[in-house]
Amino acid sequence: MLEKPGKIPNKLTMKPKSSNTFRGVISSILMVCFCLLLISSFNKASIKKTDVPISDVITRANDENGNIEKITVIGNRLDITLKGQSEPSETSRKDASGTLYEQGLINHCANLKGDAFTACEKKYPIIEYKEDINIWGIIFDISITIIPIVVIVIFLSYMMRQAQSANNQSFGFGKSRARLYGPDKKKVTFKDVAGNESAKQDLTEIVDFLKNPKKYEKLGAKIPRGVLLAGDPGTGKTLMARAVAGEANVPFFSISGSEFAEMFVGVGASRVRDLFSKAKKNAPSIIFIDEIDAVAHKRDARGGAGREDEQTLNQILVEMDGFDNDSGVIVIAATNRVDMLDKALLRPGRFDRHVNVTLPERKDRLEILKVHFKGKPVEASVDLEALAKKTAGSSGADLANIANESAITAAREGHKAISNADLTEAFERIAIGPERKSKVMNEKERKITAYHEAGHAIVGHVLPDSDPVHKVTIIPRGATGGVTWFLPPEDRSYKNIYELKDILARAMGGRIAEKIVFGTDAITTGASSDLKNVAELSKTMVIGEGMGKKLRNLVFPSEATGYYTITTEKPYSEKTAELIDLEIKALSDEASMRAEEILKTNRKILDRLATELLKQETLEEKELAPILKSATLPASAKLH
């Protein structure tokens, strides 16, 4: 497999969502104030008049030829309308202590009637009186007074709500964050869980305990307090727990182990107490703690008595095996790191049952695929059994992802139903990565890739304990420049030393093919992934499986495997470390030698297969068979 450098994806950051209620209210108030000010200014601008002295007004008002049509008296202000105009254009002010008559402004027409009054109106101005009322001015004055008070009240109210919210949050730290799945939620039963029949059989007893507790109490049996589901990620541990609750028809409290943790000491223990209190009130019930290893580490390895995580663990231990043994609450926990859990959590009386949720076998994978393809339009020619065969080592979550990806692929290609081609593309996209159609390789790179993948295929084909070649392609996919696919004919639980050595040899086939065809000095970086795999598998064979020649049956597991708790020191001496290095190198050298002998013996087939790959780019199992059928295994490459 040729490895191409990949790009590190950019990390996306989520910005917290803030409330803009207070800003919105203040902005609205300011907008209203601005509108009122604008209206008031417009109103004042629309009635702007020329100021004239009162003496000038008196002179013109008493003159028969004066140009004043009407004088409107508003308090001490005089609004003067000139002849030929409809609105006042001049203004003046009288003395506040005197009347119009005392100031010489006399209404000559006041006591006249009929025609005399009409004739008088044409000579002298009419004097009328009005109340001094400016509605916009009043509104503006009131607004200017009230709005600051309203703003202050709203601000104080907002601050009080914030303080109350913070107070509520502080009081809510100790509350459990578990999610309750009651009868109103969608029920999951064992019929919805495909595969893992042994695990379902173990959990069926738990369901019977919850449904018929008296049957066991009469015989003196105690209901198990806890069930530990252990298995690889994606195997369906959470789904199994929900199925138990659905079958028993009891409330189901779900929470993650990390949700107990908090920066404040004692909060985790408080949440545990609150969770068990709620569960007891709804008993019989189930508490499901996902990823329990987040709060249940081995205490002897972490140290620090009184730490928050240890207080949380201690509280879980007390709740599961306290004085109240008849609470009717069963705890189901899930983890993929049983080796990290504290021993006190695993003893009888706490997690009494240990259920292994394993990766599905071929028949289980077929049942899981049928569940996930149910309801999807599928062509009659689609072979789910072939897909189940190819997906050895896949979890239930992986299979669900393949089913979903195949539907997406069919939609992208414009198909009305999912085809075998869609299944294959979805499987390879998830297993390795999408085709990099935009990646353009020059002829030299294509030739190197073709010989590299042909080397893998020929070595793997002739070795007696290697898996059959399923497919070879030189189309870049994911981080690789090409792929040679080997599929086991059946699921196997164990691999012997011959099978592992054949895996090492076929992994070296790509590098050795480059060396034979292009020369030792022309080898490329495309084999870096293969060489890493060879080094890791060789190391595992020597220190993890006891398959070395001089260190046969001696195992030195690393701390990651959980077999010992040494921090940084190696569990072997420096002399043993040198022997381990020599054993690893010997396995690698042997794999290189076997691959080289095979490819030199089958050089013509190597050239033919590389040529076909350059023409067609992808060769399936049926197309590979006639090319590889004449390949032979030289005696020098056999294991003795």
# chains A, B, ... in the order shown; residues from 1 in each chain; ligands from 1
>>> select_by_dssp(residues="region 256-300 of chain A", states="strand (DSSP E or B)", output="PyMOL selection string")
chain A and resi 256+285-290+297
>>> write_last_selection(atoms="all heavy atoms", output="compact mmCIF listing (two decimals), in the first residue's frame")
# COMPACT_ATOMS: atom_id res chain seq x y z
N SER A 256 -23.32 9.81 31.14
CA SER A 256 -21.94 9.49 30.81
C SER A 256 -21.07 9.69 32.05
O SER A 256 -21.35 10.55 32.88
CB SER A 256 -21.44 10.37 29.67
OG SER A 256 -20.06 10.17 29.47
N SER A 285 -35.96 0.33 38.37
CA SER A 285 -35.43 1.16 37.29
C SER A 285 -34.00 0.74 36.99
O SER A 285 -33.40 -0.07 37.70
CB SER A 285 -35.47 2.64 37.69
OG SER A 285 -34.69 2.86 38.86
N ILE A 286 -33.48 1.32 35.91
CA ILE A 286 -32.12 1.01 35.46
C ILE A 286 -31.33 2.31 35.34
O ILE A 286 -31.83 3.30 34.80
CB ILE A 286 -32.13 0.27 34.11
CG1 ILE A 286 -32.72 -1.13 34.28
CG2 ILE A 286 -30.73 0.17 33.52
CD1 ILE A 286 -32.88 -1.87 32.97
N ILE A 287 -30.13 2.29 35.87
CA ILE A 287 -29.19 3.40 35.67
C ILE A 287 -28.11 2.92 34.70
O ILE A 287 -27.49 1.88 34.93
CB ILE A 287 -28.54 3.84 37.00
CG1 ILE A 287 -29.58 4.45 37.94
CG2 ILE A 287 -27.41 4.83 36.74
CD1 ILE A 287 -29.02 4.79 39.30
N PHE A 288 -27.92 3.65 33.63
CA PHE A 288 -26.89 3.28 32.66
C PHE A 288 -25.79 4.35 32.68
O PHE A 288 -26.04 5.53 32.43
CB PHE A 288 -27.47 3.17 31.26
CG PHE A 288 -26.43 2.90 30.20
CD1 PHE A 288 -25.69 1.73 30.22
CD2 PHE A 288 -26.16 3.84 29.21
CE1 PHE A 288 -24.72 1.47 29.26
CE2 PHE A 288 -25.20 3.59 28.25
CZ PHE A 288 -24.48 2.41 28.27
N ILE A 289 -24.57 3.93 33.00
CA ILE A 289 -23.41 4.84 33.04
C ILE A 289 -22.49 4.46 31.89
O ILE A 289 -21.84 3.40 31.92
CB ILE A 289 -22.67 4.75 34.38
CG1 ILE A 289 -23.62 5.02 35.55
CG2 ILE A 289 -21.51 5.74 34.41
CD1 ILE A 289 -22.98 4.85 36.92
N ASP A 290 -22.45 5.29 30.88
CA ASP A 290 -21.60 5.04 29.72
C ASP A 290 -20.19 5.55 30.01
O ASP A 290 -20.01 6.57 30.67
CB ASP A 290 -22.18 5.73 28.49
CG ASP A 290 -21.61 5.18 27.20
OD1 ASP A 290 -20.90 4.15 27.26
OD2 ASP A 290 -21.87 5.76 26.13
N HIS A 297 -11.27 5.06 37.73
CA HIS A 297 -9.88 4.63 37.56
C HIS A 297 -9.40 3.89 38.81
O HIS A 297 -9.93 4.07 39.90
CB HIS A 297 -8.97 5.84 37.32
CG HIS A 297 -9.07 6.39 35.94
ND1 HIS A 297 -8.43 5.83 34.87
CD2 HIS A 297 -9.75 7.45 35.45
CE1 HIS A 297 -8.68 6.53 33.78
NE2 HIS A 297 -9.49 7.52 34.11
>>> residues_around(residues="Ala294 (chain A)", least_positions_apart="4", cutoff="12 Å", atoms="only C-alpha atoms", output="PDB file with all heavy atoms, in the first residue's frame")
ATOM      1  N   ILE A 255     -26.537   8.298  31.611  1.00  0.00           N
ATOM      2  CA  ILE A 255     -25.575   9.367  31.889  1.00  0.00           C
ATOM      3  C   ILE A 255     -24.186   8.884  31.505  1.00  0.00           C
ATOM      4  O   ILE A 255     -23.913   7.682  31.509  1.00  0.00           O
ATOM      5  CB  ILE A 255     -25.615   9.779  33.385  1.00  0.00           C
ATOM      6  CG1 ILE A 255     -24.830  11.072  33.621  1.00  0.00           C
ATOM      7  CG2 ILE A 255     -25.103   8.658  34.280  1.00  0.00           C
ATOM      8  CD1 ILE A 255     -25.019  11.657  35.012  1.00  0.00           C
ATOM      9  N   SER A 256     -23.322   9.811  31.136  1.00  0.00           N
ATOM     10  CA  SER A 256     -21.939   9.486  30.814  1.00  0.00           C
ATOM     11  C   SER A 256     -21.069   9.689  32.045  1.00  0.00           C
ATOM     12  O   SER A 256     -21.348  10.548  32.885  1.00  0.00           O
ATOM     13  CB  SER A 256     -21.440  10.368  29.667  1.00  0.00           C
ATOM     14  OG  SER A 256     -20.056  10.172  29.469  1.00  0.00           O
ATOM     15  N   GLY A 257     -20.013   8.894  32.143  1.00  0.00           N
ATOM     16  CA  GLY A 257     -19.131   9.015  33.302  1.00  0.00           C
ATOM     17  C   GLY A 257     -18.517  10.392  33.429  1.00  0.00           C
ATOM     18  O   GLY A 257     -18.319  10.901  34.546  1.00  0.00           O
ATOM     19  N   SER A 258     -18.242  11.045  32.316  1.00  0.00           N
ATOM     20  CA  SER A 258     -17.627  12.376  32.365  1.00  0.00           C
ATOM     21  C   SER A 258     -18.582  13.444  32.901  1.00  0.00           C
ATOM     22  O   SER A 258     -18.142  14.505  33.329  1.00  0.00           O
ATOM     23  CB  SER A 258     -17.146  12.775  30.972  1.00  0.00           C
ATOM     24  OG  SER A 258     -18.233  12.816  30.065  1.00  0.00           O
ATOM     25  N   GLU A 259     -19.904  13.171  32.881  1.00  0.00           N
ATOM     26  CA  GLU A 259     -20.866  14.162  33.351  1.00  0.00           C
ATOM     27  C   GLU A 259     -20.899  14.274  34.874  1.00  0.00           C
ATOM     28  O   GLU A 259     -21.515  15.185  35.411  1.00  0.00           O
ATOM     29  CB  GLU A 259     -22.256  13.819  32.826  1.00  0.00           C
ATOM     30  CG  GLU A 259     -22.384  13.968  31.325  1.00  0.00           C
ATOM     31  CD  GLU A 259     -23.793  13.687  30.832  1.00  0.00           C
ATOM     32  OE1 GLU A 259     -24.684  14.531  31.046  1.00  0.00           O
ATOM     33  OE2 GLU A 259     -24.000  12.618  30.234  1.00  0.00           O
ATOM     34  N   PHE A 260     -20.266  13.347  35.583  1.00  0.00           N
ATOM     35  CA  PHE A 260     -20.169  13.472  37.029  1.00  0.00           C
ATOM     36  C   PHE A 260     -19.077  14.456  37.425  1.00  0.00           C
ATOM     37  O   PHE A 260     -19.114  15.044  38.491  1.00  0.00           O
ATOM     38  CB  PHE A 260     -19.846  12.110  37.666  1.00  0.00           C
ATOM     39  CG  PHE A 260     -20.987  11.137  37.618  1.00  0.00           C
ATOM     40  CD1 PHE A 260     -20.902  10.001  36.836  1.00  0.00           C
ATOM     41  CD2 PHE A 260     -22.130  11.345  38.355  1.00  0.00           C
ATOM     42  CE1 PHE A 260     -21.943   9.095  36.785  1.00  0.00           C
ATOM     43  CE2 PHE A 260     -23.177  10.447  38.320  1.00  0.00           C
ATOM     44  CZ  PHE A 260     -23.083   9.317  37.532  1.00  0.00           C
ATOM     45  N   ALA A 261     -18.081  14.607  36.549  1.00  0.00           N
ATOM     46  CA  ALA A 261     -16.903  15.400  36.891  1.00  0.00           C
ATOM     47  C   ALA A 261     -17.224  16.895  36.885  1.00  0.00           C
ATOM     48  O   ALA A 261     -18.035  17.374  36.097  1.00  0.00           O
ATOM     49  CB  ALA A 261     -15.773  15.108  35.920  1.00  0.00           C
ATOM     50  N   GLY A 268     -19.332  15.823  42.075  1.00  0.00           N
ATOM     51  CA  GLY A 268     -19.557  14.514  41.475  1.00  0.00           C
ATOM     52  C   GLY A 268     -20.275  13.577  42.425  1.00  0.00           C
ATOM     53  O   GLY A 268     -21.224  12.879  42.043  1.00  0.00           O
ATOM     54  N   ILE A 289     -24.570   3.929  32.995  1.00  0.00           N
ATOM     55  CA  ILE A 289     -23.413   4.836  33.041  1.00  0.00           C
ATOM     56  C   ILE A 289     -22.491   4.457  31.886  1.00  0.00           C
ATOM     57  O   ILE A 289     -21.841   3.402  31.920  1.00  0.00           O
ATOM     58  CB  ILE A 289     -22.667   4.749  34.381  1.00  0.00           C
ATOM     59  CG1 ILE A 289     -23.625   5.020  35.550  1.00  0.00           C
ATOM     60  CG2 ILE A 289     -21.512   5.744  34.413  1.00  0.00           C
ATOM     61  CD1 ILE A 289     -22.978   4.855  36.917  1.00  0.00           C
ATOM     62  N   ASP A 290     -22.452   5.288  30.884  1.00  0.00           N
ATOM     63  CA  ASP A 290     -21.597   5.036  29.721  1.00  0.00           C
ATOM     64  C   ASP A 290     -20.188   5.547  30.009  1.00  0.00           C
ATOM     65  O   ASP A 290     -20.008   6.574  30.674  1.00  0.00           O
ATOM     66  CB  ASP A 290     -22.180   5.729  28.491  1.00  0.00           C
ATOM     67  CG  ASP A 290     -21.611   5.175  27.198  1.00  0.00           C
ATOM     68  OD1 ASP A 290     -20.903   4.146  27.264  1.00  0.00           O
ATOM     69  OD2 ASP A 290     -21.869   5.758  26.132  1.00  0.00           O
ATOM     70  N   LYS A 298      -8.364   3.089  38.604  1.00  0.00           N
ATOM     71  CA  LYS A 298      -7.729   2.435  39.744  1.00  0.00           C
ATOM     72  C   LYS A 298      -7.165   3.482  40.693  1.00  0.00           C
ATOM     73  O   LYS A 298      -6.378   4.332  40.291  1.00  0.00           O
ATOM     74  CB  LYS A 298      -6.601   1.524  39.257  1.00  0.00           C
ATOM     75  CG  LYS A 298      -7.077   0.328  38.438  1.00  0.00           C
ATOM     76  CD  LYS A 298      -5.902  -0.493  37.958  1.00  0.00           C
ATOM     77  CE  LYS A 298      -6.372  -1.676  37.132  1.00  0.00           C
ATOM     78  NZ  LYS A 298      -5.238  -2.489  36.620  1.00  0.00           N
ATOM     79  N   GLU A 308     -11.472  14.818  43.559  1.00  0.00           N
ATOM     80  CA  GLU A 308     -12.866  14.832  43.111  1.00  0.00           C
ATOM     81  C   GLU A 308     -13.278  13.515  42.479  1.00  0.00           C
ATOM     82  O   GLU A 308     -14.346  12.970  42.769  1.00  0.00           O
ATOM     83  CB  GLU A 308     -13.070  15.987  42.131  1.00  0.00           C
ATOM     84  CG  GLU A 308     -14.386  15.960  41.369  1.00  0.00           C
ATOM     85  CD  GLU A 308     -15.596  16.146  42.254  1.00  0.00           C
ATOM     86  OE1 GLU A 308     -15.421  16.353  43.477  1.00  0.00           O
ATOM     87  OE2 GLU A 308     -16.710  16.053  41.744  1.00  0.00           O
ATOM     88  N   ASP A 309     -12.444  12.950  41.588  1.00  0.00           N
ATOM     89  CA  ASP A 309     -12.821  11.699  40.926  1.00  0.00           C
ATOM     90  C   ASP A 309     -12.902  10.538  41.905  1.00  0.00           C
ATOM     91  O   ASP A 309     -13.740   9.647  41.773  1.00  0.00           O
ATOM     92  CB  ASP A 309     -11.840  11.388  39.795  1.00  0.00           C
ATOM     93  CG  ASP A 309     -10.400  11.404  40.254  1.00  0.00           C
ATOM     94  OD1 ASP A 309     -10.148  11.764  41.414  1.00  0.00           O
ATOM     95  OD2 ASP A 309      -9.511  11.052  39.451  1.00  0.00           O
ATOM     96  N   GLU A 310     -12.029  10.548  42.937  1.00  0.00           N
ATOM     97  CA  GLU A 310     -12.078   9.474  43.924  1.00  0.00           C
ATOM     98  C   GLU A 310     -13.306   9.592  44.813  1.00  0.00           C
ATOM     99  O   GLU A 310     -13.904   8.580  45.192  1.00  0.00           O
ATOM    100  CB  GLU A 310     -10.802   9.481  44.762  1.00  0.00           C
ATOM    101  CG  GLU A 310      -9.567   9.068  43.994  1.00  0.00           C
ATOM    102  CD  GLU A 310      -8.436   8.661  44.904  1.00  0.00           C
ATOM    103  OE1 GLU A 310      -8.645   8.651  46.143  1.00  0.00           O
ATOM    104  OE2 GLU A 310      -7.355   8.347  44.392  1.00  0.00           O
ATOM    105  N   THR A 312     -16.141  10.775  43.842  1.00  0.00           N
ATOM    106  CA  THR A 312     -17.241  10.304  42.988  1.00  0.00           C
ATOM    107  C   THR A 312     -17.278   8.787  42.951  1.00  0.00           C
ATOM    108  O   THR A 312     -18.345   8.167  43.086  1.00  0.00           O
ATOM    109  CB  THR A 312     -17.078  10.859  41.566  1.00  0.00           C
ATOM    110  OG1 THR A 312     -16.992  12.292  41.613  1.00  0.00           O
ATOM    111  CG2 THR A 312     -18.259  10.479  40.699  1.00  0.00           C
ATOM    112  N   LEU A 313     -16.109   8.155  42.776  1.00  0.00           N
ATOM    113  CA  LEU A 313     -16.040   6.697  42.754  1.00  0.00           C
ATOM    114  C   LEU A 313     -16.487   6.112  44.083  1.00  0.00           C
ATOM    115  O   LEU A 313     -17.257   5.138  44.120  1.00  0.00           O
ATOM    116  CB  LEU A 313     -14.611   6.257  42.429  1.00  0.00           C
ATOM    117  CG  LEU A 313     -14.326   4.756  42.548  1.00  0.00           C
ATOM    118  CD1 LEU A 313     -15.237   3.959  41.629  1.00  0.00           C
ATOM    119  CD2 LEU A 313     -12.863   4.462  42.239  1.00  0.00           C
ATOM    120  N   ALA A 333     -23.255  -0.540  33.391  1.00  0.00           N
ATOM    121  CA  ALA A 333     -22.158   0.339  32.980  1.00  0.00           C
ATOM    122  C   ALA A 333     -21.497  -0.223  31.736  1.00  0.00           C
ATOM    123  O   ALA A 333     -21.505  -1.436  31.504  1.00  0.00           O
ATOM    124  CB  ALA A 333     -21.140   0.488  34.099  1.00  0.00           C
ATOM    125  N   ALA A 334     -20.944   0.658  30.931  1.00  0.00           N
ATOM    126  CA  ALA A 334     -20.276   0.252  29.691  1.00  0.00           C
ATOM    127  C   ALA A 334     -18.874   0.840  29.656  1.00  0.00           C
ATOM    128  O   ALA A 334     -18.650   1.977  30.087  1.00  0.00           O
ATOM    129  CB  ALA A 334     -21.066   0.717  28.472  1.00  0.00           C
ATOM    130  N   THR A 335     -17.938   0.054  29.163  1.00  0.00           N
ATOM    131  CA  THR A 335     -16.563   0.528  29.022  1.00  0.00           C
ATOM    132  C   THR A 335     -15.837  -0.331  28.002  1.00  0.00           C
ATOM    133  O   THR A 335     -16.212  -1.481  27.759  1.00  0.00           O
ATOM    134  CB  THR A 335     -15.816   0.466  30.371  1.00  0.00           C
ATOM    135  OG1 THR A 335     -14.492   0.962  30.202  1.00  0.00           O
ATOM    136  CG2 THR A 335     -15.744  -0.963  30.885  1.00  0.00           C
ATOM    137  N   ASN A 336     -14.812   0.239  27.394  1.00  0.00           N
ATOM    138  CA  ASN A 336     -13.934  -0.547  26.531  1.00  0.00           C
ATOM    139  C   ASN A 336     -12.537  -0.649  27.145  1.00  0.00           C
ATOM    140  O   ASN A 336     -11.590  -1.050  26.476  1.00  0.00           O
ATOM    141  CB  ASN A 336     -13.854   0.060  25.128  1.00  0.00           C
ATOM    142  CG  ASN A 336     -13.423   1.503  25.143  1.00  0.00           C
ATOM    143  OD1 ASN A 336     -13.342   2.121  26.199  1.00  0.00           O
ATOM    144  ND2 ASN A 336     -13.132   2.056  23.984  1.00  0.00           N
ATOM    145  N   ARG A 337     -12.424  -0.258  28.423  1.00  0.00           N
ATOM    146  CA  ARG A 337     -11.157  -0.342  29.148  1.00  0.00           C
ATOM    147  C   ARG A 337     -11.395  -0.944  30.529  1.00  0.00           C
ATOM    148  O   ARG A 337     -11.296  -0.266  31.555  1.00  0.00           O
ATOM    149  CB  ARG A 337     -10.523   1.050  29.271  1.00  0.00           C
ATOM    150  CG  ARG A 337     -10.110   1.696  27.979  1.00  0.00           C
ATOM    151  CD  ARG A 337      -9.050   0.880  27.256  1.00  0.00           C
ATOM    152  NE  ARG A 337      -7.880   0.620  28.070  1.00  0.00           N
ATOM    153  CZ  ARG A 337      -6.841   1.446  28.158  1.00  0.00           C
ATOM    154  NH1 ARG A 337      -6.831   2.580  27.475  1.00  0.00           N
ATOM    155  NH2 ARG A 337      -5.811   1.139  28.914  1.00  0.00           N
ATOM    156  N   VAL A 338     -11.716  -2.233  30.562  1.00  0.00           N
ATOM    157  CA  VAL A 338     -11.957  -2.901  31.848  1.00  0.00           C
ATOM    158  C   VAL A 338     -10.700  -2.893  32.692  1.00  0.00           C
ATOM    159  O   VAL A 338     -10.763  -2.818  33.930  1.00  0.00           O
ATOM    160  CB  VAL A 338     -12.436  -4.348  31.606  1.00  0.00           C
ATOM    161  CG1 VAL A 338     -12.670  -5.075  32.917  1.00  0.00           C
ATOM    162  CG2 VAL A 338     -13.709  -4.348  30.769  1.00  0.00           C
ATOM    163  N   MET A 340      -8.710  -0.635  33.306  1.00  0.00           N
ATOM    164  CA  MET A 340      -8.488   0.627  34.012  1.00  0.00           C
ATOM    165  C   MET A 340      -9.406   0.785  35.227  1.00  0.00           C
ATOM    166  O   MET A 340      -9.218   1.691  36.029  1.00  0.00           O
ATOM    167  CB  MET A 340      -8.717   1.817  33.063  1.00  0.00           C
ATOM    168  CG  MET A 340      -7.728   1.890  31.928  1.00  0.00           C
ATOM    169  SD  MET A 340      -8.061   3.284  30.836  1.00  0.00           S
ATOM    170  CE  MET A 340      -7.864   4.662  31.958  1.00  0.00           C
ATOM    171  N   LEU A 341     -10.395  -0.100  35.384  1.00  0.00           N
ATOM    172  CA  LEU A 341     -11.383   0.076  36.451  1.00  0.00           C
ATOM    173  C   LEU A 341     -10.826  -0.350  37.804  1.00  0.00           C
ATOM    174  O   LEU A 341     -10.000  -1.273  37.905  1.00  0.00           O
ATOM    175  CB  LEU A 341     -12.643  -0.730  36.135  1.00  0.00           C
ATOM    176  CG  LEU A 341     -13.383  -0.345  34.849  1.00  0.00           C
ATOM    177  CD1 LEU A 341     -14.626  -1.215  34.691  1.00  0.00           C
ATOM    178  CD2 LEU A 341     -13.771   1.120  34.863  1.00  0.00           C
ATOM    179  N   ASP A 342     -11.312   0.307  38.847  1.00  0.00           N
ATOM    180  CA  ASP A 342     -10.899  -0.016  40.210  1.00  0.00           C
ATOM    181  C   ASP A 342     -11.428  -1.392  40.599  1.00  0.00           C
ATOM    182  O   ASP A 342     -12.561  -1.764  40.266  1.00  0.00           O
ATOM    183  CB  ASP A 342     -11.438   1.050  41.173  1.00  0.00           C
ATOM    184  CG  ASP A 342     -10.828   0.913  42.555  1.00  0.00           C
ATOM    185  OD1 ASP A 342      -9.722   1.440  42.770  1.00  0.00           O
ATOM    186  OD2 ASP A 342     -11.467   0.272  43.417  1.00  0.00           O
TER     187      ASP A 342
END
>>> select_by_dssp(residues="region 205-313 of chain A", states="alpha helix (DSSP H)", output="NGL selection string")
:A and (205-211 or 213-217 or 237-248 or 267-281 or 299-302 or 308-313)
>>> closest_atom_pairs(of="region 301-379 of chain A", to="region 389-402 of chain A", cutoff="8 Å", atoms="only C-alpha atoms", output="JSON lines")
{"residue": "A:Leu359", "atom": "CA", "partner": "A:Ser395", "partner_atom": "CA", "distance": 5.5}
{"residue": "A:Pro360", "atom": "CA", "partner": "A:Ser395", "partner_atom": "CA", "distance": 6.5}
{"residue": "A:Glu361", "atom": "CA", "partner": "A:Ala392", "partner_atom": "CA", "distance": 7.4}
{"residue": "A:Arg362", "atom": "CA", "partner": "A:Lys389", "partner_atom": "CA", "distance": 6.2}
{"residue": "A:Arg365", "atom": "CA", "partner": "A:Gly396", "partner_atom": "CA", "distance": 7.5}
{"residue": "A:Ile368", "atom": "CA", "partner": "A:Gly396", "partner_atom": "CA", "distance": 6.8}
{"residue": "A:Leu369", "atom": "CA", "partner": "A:Leu399", "partner_atom": "CA", "distance": 6.4}
{"residue": "A:His372", "atom": "CA", "partner": "A:Ala400", "partner_atom": "CA", "distance": 5.9}
>>> atom_distance(atom1="CA of Val193 (chain A)", atom2="CA of Ile206 (chain A)")
16.2 Å
>>> residues_around(residues="Glu443 (chain A)", least_positions_apart="6", cutoff="12 Å", atoms="only C-alpha atoms", output="VMD selection string")
chain A and resid 449 to 450 474 614 to 615
>>> write_last_selection(atoms="N, CA and C atoms", output="PDB file, in the first residue's frame")
ATOM      1  N   THR A 449       3.614   2.871  -8.523  1.00  0.00           N
ATOM      2  CA  THR A 449       2.470   2.380  -7.761  1.00  0.00           C
ATOM      3  C   THR A 449       2.003   1.026  -8.264  1.00  0.00           C
ATOM      4  N   ALA A 450       1.979   0.849  -9.588  1.00  0.00           N
ATOM      5  CA  ALA A 450       1.522  -0.410 -10.172  1.00  0.00           C
ATOM      6  C   ALA A 450       2.429  -1.568  -9.743  1.00  0.00           C
ATOM      7  N   ILE A 474      -4.762   1.043  -8.319  1.00  0.00           N
ATOM      8  CA  ILE A 474      -3.731   2.087  -8.221  1.00  0.00           C
ATOM      9  C   ILE A 474      -4.389   3.468  -8.211  1.00  0.00           C
ATOM     10  N   LEU A 614      -1.760  -0.670 -14.997  1.00  0.00           N
ATOM     11  CA  LEU A 614      -1.587   0.611 -15.676  1.00  0.00           C
ATOM     12  C   LEU A 614      -2.683   0.834 -16.716  1.00  0.00           C
ATOM     13  N   LYS A 615      -3.177  -0.259 -17.319  1.00  0.00           N
ATOM     14  CA  LYS A 615      -4.243  -0.142 -18.310  1.00  0.00           C
ATOM     15  C   LYS A 615      -5.608   0.066 -17.661  1.00  0.00           C
TER      16      LYS A 615
END
>>> closest_residue(among="A:Ile54, A:Lys501, A:Thr540, A:Ala454", to="Arg603 (chain A)", atoms="only C-alpha atoms")
A:Ala454
